Amino acid sequence: MTDIRRTILWVIFGFSLVMLWDQWQVYNGRPATFFPSGKPAATAPAANNAATAASGVGSVPAPVTTPGATPSAVPGAVPGTTAAAPATGAPATPRERITVSTDVLNVTFDTEGGTLVRTEFPKLAGEKPNVPYVLLQQSADRVYVAQSGLIGGDFPNHKTVMTAVPGERTLRDGVNELAVRFESPVQGGVKLVKTYTFKRGAYDVAVRHEVQNAGSAPVTPQLYLQLVRDGNPLPGESSFYSTFTGPAVYTEQQKFQKVEFGDIEKNKAEFEKSATTGYVAMVQHYFASAWLLPEGVKRDLFMRKVDTNLYSAGMIAPIPAVAPGTTQAVDSRFFAGPQEEKMLEQIAPGLDLVKDYGWLTILAKPLYWLLDKLHGFIGNWGWSIVALVLIIKIAFYWLQAKGYESMARMKAINPRVMQLRERYKDNPQQMQQEMMRIYREEKVNPLGGCLPILVQIPVFIALYWVLLSSVEMRNAPWILWIRDLSTPDPYFILPVIMTLTTLLQTALNPVPPDPMQAKMMWFMPLIFSVMFFFFPAGLVLYWITNNILSIAQQWLINTRMGVPPEFNLPKFNKPTA
């Protein structure tokens, strides 16, 4: 059993080293060695986007060809390097930026297209003290904007300079809604009016696009909504654990679909291209943005490379024919904010999946629900983590007890096994037969200690992703020096405790008969513990709690079975003179 258990640990350890090496390669700007589908490094430095940011970002997507459309109504992709010309004879509209403030959002618009170019969250701390967190921005360091406009003709788009209608720009006390309106000049016989409606306490904004036909013939434009972002990694991103950054779509048919920037670069992005439900989003650690259309509205989804290290993801929706002198409106919503699971569930179906738990979502969501309930009762996320691990250990007590009982039996017969190995070291076949005889006589299952551990692994991996993905951990204190569970322990006290508890747990296990395995049994936890010096404090706290409870349970079971706990300290041969 001991050999089998060590083999399993070696497999896990080896796979961890492979994953660590890949992440280190990506972090240093090189392609991953073993899993090239992992998140690629940026294809260009952030500074290369400065020129793009200054001259306007992104190109207009190509419209979707519809039956009966004339060639002139379905042009190709517009380069989008210059602003659209104003109507003949009309004075040029001055371009400006305006900021709208609510209790949870500070949003900056560029009147060129009525584009969202900056979002600040005054209630969420940023990278520096007393500075709000910034998600969307357009600067030399980051290009990340939300655009919309019309295609299918020479119509107003996100390059058209619009007029901001005068009005209130701050959500006053006692007021629950604030509307901001942008109007384009008449272009191609069409005037576009965008109205953004903000609500108190909400990170989602209602956006209405009104298409007014000022010409003499019917028009059939299409509305596009897109998010444009560079492929640069997030500041402070760790090379010891990886979170997804990039575009994603959700549809009722295919559910949540992530796409790597590298796949867009290679034109290999795979996702559902047409739907009547869902959204398109840009996802990163703790935060996301998304365009949403009402259910039942047909939309075509697209992702494409806009420029060097610049990518767009969006939707195109048809607009019913607009007769001369009439108006057609399309309602949508734009979200930019933290990945708070309960809030996302209320905004739209499937939006909570931007909080990415990976393939263990089916386990992670109930674990987060329980963690949230515990926090509602305890009021401290650190102690809630401790309580959650305790509940999981209680739930698995019987199963894990079986594993520890098997390990205790193995430890009791370990001296006999060691004698057999010494006696039959030149006859491996006879040695295996004698070992199996002892197992039968003592009713010991060599796999008894491994299988219960393997059953629990998915649960604890799911809990790992819950703690890594939950924005609630940002700036959440625990005790004393731990003021932020989402960042590493500033004094490395928790990682040291985690290392010591791991070594203590190792000392309680049976000694492997092979001297090399016995040495590696001590080196492995030391090497593995190095990562925890760079892990968020919340993850290290979870691991420490699990270690301490496992040690207590193993100690209790060994004592109950008459196998007194003893510390099997490493014995290294002294060098010969």
# chains A, B, ... in the order shown; residues from 1 in each chain; ligands from 1
call {"tool": "residues_around", "arguments": {"residues": "region 184-190 of chain A", "least_positions_apart": "6", "cutoff": "6 Å", "atoms": "only C-alpha atoms", "output": "list in words"}}
result
Ala87, Asp154, Phe155, Pro156, Met162, Gln212, Asn213, Ala214 and Gly215 of chain A
call {"tool": "write_last_selection", "arguments": {"atoms": "all heavy atoms", "output": "compact mmCIF listing (two decimals), in the first residue's frame"}}
result
# COMPACT_ATOMS: atom_id res chain seq x y z
N ALA A 87 -22.29 65.17 -41.27
CA ALA A 87 -23.19 65.41 -42.40
C ALA A 87 -22.75 66.65 -43.16
O ALA A 87 -22.19 67.60 -42.61
CB ALA A 87 -24.62 65.59 -41.89
N ASP A 154 -23.57 53.43 -44.57
CA ASP A 154 -22.77 54.54 -44.05
C ASP A 154 -23.49 55.19 -42.87
O ASP A 154 -23.95 56.32 -42.94
CB ASP A 154 -22.51 55.56 -45.17
CG ASP A 154 -21.59 56.69 -44.70
OD1 ASP A 154 -20.83 56.46 -43.73
OD2 ASP A 154 -21.66 57.79 -45.28
N PHE A 155 -23.60 54.43 -41.79
CA PHE A 155 -24.39 54.85 -40.63
C PHE A 155 -23.48 55.24 -39.47
O PHE A 155 -22.29 54.91 -39.45
CB PHE A 155 -25.32 53.72 -40.20
CG PHE A 155 -26.28 53.26 -41.26
CD1 PHE A 155 -26.51 51.90 -41.47
CD2 PHE A 155 -26.96 54.18 -42.06
CE1 PHE A 155 -27.39 51.47 -42.45
CE2 PHE A 155 -27.84 53.74 -43.05
CZ PHE A 155 -28.06 52.39 -43.24
N PRO A 156 -24.01 55.92 -38.45
CA PRO A 156 -23.21 56.28 -37.27
C PRO A 156 -22.67 55.03 -36.58
O PRO A 156 -23.39 54.04 -36.40
CB PRO A 156 -24.20 57.03 -36.37
CG PRO A 156 -25.26 57.53 -37.31
CD PRO A 156 -25.38 56.49 -38.37
N MET A 162 -20.38 62.22 -31.36
CA MET A 162 -21.76 62.48 -30.98
C MET A 162 -21.83 63.68 -30.02
O MET A 162 -20.80 64.16 -29.53
CB MET A 162 -22.37 61.23 -30.33
CG MET A 162 -22.24 59.98 -31.19
SD MET A 162 -22.90 58.48 -30.42
CE MET A 162 -24.64 58.71 -30.71
N GLN A 212 -33.18 56.61 -35.87
CA GLN A 212 -34.16 57.52 -36.49
C GLN A 212 -33.84 57.69 -37.96
O GLN A 212 -32.72 58.07 -38.32
CB GLN A 212 -34.14 58.88 -35.77
CG GLN A 212 -34.43 58.80 -34.28
CD GLN A 212 -34.28 60.13 -33.58
OE1 GLN A 212 -33.99 61.16 -34.21
NE2 GLN A 212 -34.48 60.14 -32.26
N ASN A 213 -34.80 57.39 -38.81
CA ASN A 213 -34.61 57.51 -40.25
C ASN A 213 -34.99 58.92 -40.67
O ASN A 213 -36.17 59.28 -40.70
CB ASN A 213 -35.46 56.48 -40.98
CG ASN A 213 -35.16 56.45 -42.48
OD1 ASN A 213 -34.50 57.33 -43.01
ND2 ASN A 213 -35.68 55.41 -43.16
N ALA A 214 -33.97 59.73 -41.00
CA ALA A 214 -34.21 61.10 -41.44
C ALA A 214 -34.16 61.22 -42.96
O ALA A 214 -34.22 62.32 -43.50
CB ALA A 214 -33.16 62.03 -40.82
N GLY A 215 -34.06 60.08 -43.65
CA GLY A 215 -33.97 60.08 -45.09
C GLY A 215 -35.32 59.88 -45.76
O GLY A 215 -36.38 59.98 -45.13
call {"tool": "residues_around", "arguments": {"residues": "Gly278 (chain A)", "least_positions_apart": "5", "cutoff": "12 Å", "atoms": "only C-alpha atoms", "output": "ChimeraX atom specification"}}
result
/A:248-257,272-273,290-301,314-315,332-333,347-353
call {"tool": "write_last_selection", "arguments": {"atoms": "N, CA and C atoms", "output": "JSON list (two decimals), in the first residue's frame"}}
result
[["chain", "number", "residue", "atom", "x", "y", "z"],
["A", 248, "ALA", "N", -15.25, 35.68, -23.51],
["A", 248, "ALA", "CA", -16.10, 34.50, -23.31],
["A", 248, "ALA", "C", -17.49, 34.81, -23.81],
["A", 249, "VAL", "N", -18.20, 33.78, -24.20],
["A", 249, "VAL", "CA", -19.61, 33.94, -24.59],
["A", 249, "VAL", "C", -20.43, 32.91, -23.83],
["A", 250, "TYR", "N", -21.68, 33.25, -23.66],
["A", 250, "TYR", "CA", -22.63, 32.30, -23.05],
["A", 250, "TYR", "C", -23.85, 32.22, -23.94],
["A", 251, "THR", "N", -24.25, 30.99, -24.26],
["A", 251, "THR", "CA", -25.48, 30.74, -25.00],
["A", 251, "THR", "C", -26.22, 29.60, -24.31],
["A", 252, "GLU", "N", -27.49, 29.54, -24.51],
["A", 252, "GLU", "CA", -28.29, 28.48, -23.90],
["A", 252, "GLU", "C", -27.88, 27.11, -24.42],
["A", 253, "GLN", "N", -27.44, 27.07, -25.68],
["A", 253, "GLN", "CA", -27.10, 25.80, -26.29],
["A", 253, "GLN", "C", -25.74, 25.27, -25.81],
["A", 254, "GLN", "N", -24.72, 26.11, -25.87],
["A", 254, "GLN", "CA", -23.35, 25.67, -25.57],
["A", 254, "GLN", "C", -22.86, 26.12, -24.19],
["A", 255, "LYS", "N", -23.67, 26.88, -23.48],
["A", 255, "LYS", "CA", -23.32, 27.37, -22.14],
["A", 255, "LYS", "C", -22.08, 28.28, -22.21],
["A", 256, "PHE", "N", -21.23, 28.21, -21.17],
["A", 256, "PHE", "CA", -20.12, 29.16, -21.05],
["A", 256, "PHE", "C", -18.93, 28.68, -21.87],
["A", 257, "GLN", "N", -18.43, 29.57, -22.73],
["A", 257, "GLN", "CA", -17.34, 29.21, -23.64],
["A", 257, "GLN", "C", -16.24, 30.27, -23.56],
["A", 272, "GLU", "N", -19.89, 29.28, -30.15],
["A", 272, "GLU", "CA", -21.14, 29.31, -30.90],
["A", 272, "GLU", "C", -21.30, 30.68, -31.57],
["A", 273, "LYS", "N", -21.59, 30.68, -32.86],
["A", 273, "LYS", "CA", -21.59, 31.92, -33.64],
["A", 273, "LYS", "C", -22.95, 32.60, -33.72],
["A", 290, "ALA", "N", -19.57, 42.87, -19.71],
["A", 290, "ALA", "CA", -20.40, 42.07, -20.63],
["A", 290, "ALA", "C", -21.44, 42.95, -21.31],
["A", 291, "TRP", "N", -21.73, 42.62, -22.56],
["A", 291, "TRP", "CA", -22.88, 43.16, -23.27],
["A", 291, "TRP", "C", -23.98, 42.11, -23.26],
["A", 292, "LEU", "N", -25.21, 42.53, -22.96],
["A", 292, "LEU", "CA", -26.33, 41.60, -22.89],
["A", 292, "LEU", "C", -27.50, 42.14, -23.73],
["A", 293, "LEU", "N", -28.10, 41.26, -24.51],
["A", 293, "LEU", "CA", -29.32, 41.57, -25.25],
["A", 293, "LEU", "C", -30.48, 40.79, -24.64],
["A", 294, "PRO", "N", -31.72, 41.27, -24.80],
["A", 294, "PRO", "CA", -32.86, 40.53, -24.25],
["A", 294, "PRO", "C", -32.98, 39.14, -24.86],
["A", 295, "GLU", "N", -33.50, 38.20, -24.09],
["A", 295, "GLU", "CA", -33.73, 36.85, -24.60],
["A", 295, "GLU", "C", -34.72, 36.89, -25.76],
["A", 296, "GLY", "N", -34.44, 36.08, -26.76],
["A", 296, "GLY", "CA", -35.31, 36.03, -27.94],
["A", 296, "GLY", "C", -34.82, 36.89, -29.08],
["A", 297, "VAL", "N", -33.92, 37.83, -28.81],
["A", 297, "VAL", "CA", -33.37, 38.68, -29.87],
["A", 297, "VAL", "C", -32.23, 37.92, -30.55],
["A", 298, "LYS", "N", -32.35, 37.73, -31.85],
["A", 298, "LYS", "CA", -31.31, 37.01, -32.58],
["A", 298, "LYS", "C", -30.04, 37.84, -32.58],
["A", 299, "ARG", "N", -28.92, 37.16, -32.34],
["A", 299, "ARG", "CA", -27.64, 37.85, -32.38],
["A", 299, "ARG", "C", -26.57, 36.92, -32.96],
["A", 300, "ASP", "N", -25.64, 37.52, -33.71],
["A", 300, "ASP", "CA", -24.48, 36.79, -34.22],
["A", 300, "ASP", "C", -23.28, 37.21, -33.40],
["A", 301, "LEU", "N", -22.51, 36.23, -32.95],
["A", 301, "LEU", "CA", -21.38, 36.47, -32.07],
["A", 301, "LEU", "C", -20.08, 36.46, -32.87],
["A", 314, "GLY", "N", -17.86, 40.53, -29.57],
["A", 314, "GLY", "CA", -19.13, 41.25, -29.55],
["A", 314, "GLY", "C", -20.26, 40.50, -30.19],
["A", 315, "MET", "N", -21.37, 41.25, -30.37],
["A", 315, "MET", "CA", -22.60, 40.71, -30.94],
["A", 315, "MET", "C", -23.12, 41.66, -32.00],
["A", 332, "SER", "N", -30.61, 47.03, -24.61],
["A", 332, "SER", "CA", -29.54, 46.13, -24.21],
["A", 332, "SER", "C", -29.08, 46.54, -22.82],
["A", 333, "ARG", "N", -28.13, 45.80, -22.30],
["A", 333, "ARG", "CA", -27.53, 46.16, -21.01],
["A", 333, "ARG", "C", -26.03, 45.97, -21.07],
["A", 347, "ILE", "N", -28.69, 39.41, -12.37],
["A", 347, "ILE", "CA", -28.64, 40.27, -13.55],
["A", 347, "ILE", "C", -29.10, 39.53, -14.80],
["A", 348, "ALA", "N", -28.58, 38.32, -15.02],
["A", 348, "ALA", "CA", -28.93, 37.57, -16.24],
["A", 348, "ALA", "C", -28.59, 36.10, -16.05],
["A", 349, "PRO", "N", -29.34, 35.21, -16.69],
["A", 349, "PRO", "CA", -29.03, 33.77, -16.62],
["A", 349, "PRO", "C", -27.64, 33.49, -17.15],
["A", 350, "GLY", "N", -26.86, 32.73, -16.39],
["A", 350, "GLY", "CA", -25.53, 32.33, -16.83],
["A", 350, "GLY", "C", -24.44, 33.35, -16.62],
["A", 351, "LEU", "N", -24.79, 34.58, -16.21],
["A", 351, "LEU", "CA", -23.75, 35.59, -16.04],
["A", 351, "LEU", "C", -22.83, 35.25, -14.87],
["A", 352, "ASP", "N", -23.33, 34.49, -13.91],
["A", 352, "ASP", "CA", -22.49, 34.09, -12.77],
["A", 352, "ASP", "C", -21.34, 33.19, -13.18],
["A", 353, "LEU", "N", -21.40, 32.61, -14.41],
["A", 353, "LEU", "CA", -20.33, 31.72, -14.86],
["A", 353, "LEU", "C", -19.06, 32.46, -15.25]]
call {"tool": "closest_residue", "arguments": {"among": "A:Leu454, A:Val60, A:Ala395, A:Met431", "to": "Gly152 (chain A)", "atoms": "only C-alpha atoms"}}
result
A:Val60
call {"tool": "closest_residue", "arguments": {"among": "A:Trp369, A:Ala329, A:Val207, A:Thr170", "to": "Gln222 (chain A)", "atoms": "only C-alpha atoms"}}
result
A:Ala329
call {"tool": "closest_residue", "arguments": {"among": "A:Arg97, A:Arg474, A:Arg229, A:Arg416", "to": "Gly114 (chain A)", "atoms": "only C-alpha atoms"}}
result
A:Arg97
call {"tool": "atom_distance", "arguments": {"atom1": "CA of Gly113 (chain A)", "atom2": "CA of Asn157 (chain A)"}}
result
6.1 Å
call {"tool": "select_by_dssp", "arguments": {"residues": "region 123-369 of chain A", "states": "strand (DSSP E)", "output": "MDAnalysis selection string"}}
result
chainID A and resid 123:125 132:134 137:138 143:151 163:164 177:183 190:199 204:213 222:230 246:251 255:258 274:275 279:284 287:292 299:307 310:318 327:338
call {"tool": "closest_residue", "arguments": {"among": "A:Ser101, A:Ser216, A:Thr277, A:Asn267", "to": "Gly325 (chain A)", "atoms": "only C-alpha atoms"}}
result
A:Ser216
call {"tool": "residues_around", "arguments": {"residues": "Tyr144 (chain A)", "least_positions_apart": "5", "cutoff": "10 Å", "atoms": "only C-alpha atoms", "output": "PyMOL selection string"}}
result
chain A and resi 53+57+116-119+135-139+227-231+282+289+310-312
call {"tool": "residues_around", "arguments": {"residues": "Ile551 (chain A)", "least_positions_apart": "2", "cutoff": "9 Å", "atoms": "only C-alpha atoms", "output": "compact mmCIF listing (two decimals) with C-alpha atoms, in the first residue's frame"}}
result
# COMPACT_ATOMS: atom_id res chain seq x y z
CA THR A 501 2.10 21.09 9.57
CA LEU A 504 4.34 16.91 10.90
CA GLN A 505 1.75 15.03 8.87
CA LEU A 508 3.12 10.47 11.23
CA ASN A 546 -7.05 20.96 6.52
CA ASN A 547 -3.56 19.83 7.66
CA ILE A 548 -4.28 20.42 11.36
CA LEU A 549 -7.62 18.61 11.24
CA GLN A 553 -7.92 12.75 13.06
CA GLN A 554 -4.92 10.56 12.21
CA TRP A 555 -3.61 10.87 15.79
CA LEU A 556 -7.03 9.94 17.24
call {"tool": "residues_around", "arguments": {"residues": "Ile479 (chain A)", "least_positions_apart": "6", "cutoff": "12 Å", "atoms": "only C-alpha atoms", "output": "ChimeraX atom specification"}}
result
/A:380-383,485,489,494,537-538,541
call {"tool": "atom_distance", "arguments": {"atom1": "CA of Met531 (chain A)", "atom2": "CA of Ala364 (chain A)"}}
result
22.5 Å
call {"tool": "select_by_dssp", "arguments": {"residues": "region 274-416 of chain A", "states": "helix (DSSP H, G or I)", "output": "ChimeraX atom specification"}}
result
/A:341-347,351-354,358-378,381-395,397-416
call {"tool": "atom_distance", "arguments": {"atom1": "CA of Met303 (chain A)", "atom2": "CA of Thr99 (chain A)"}}
result
28.7 Å
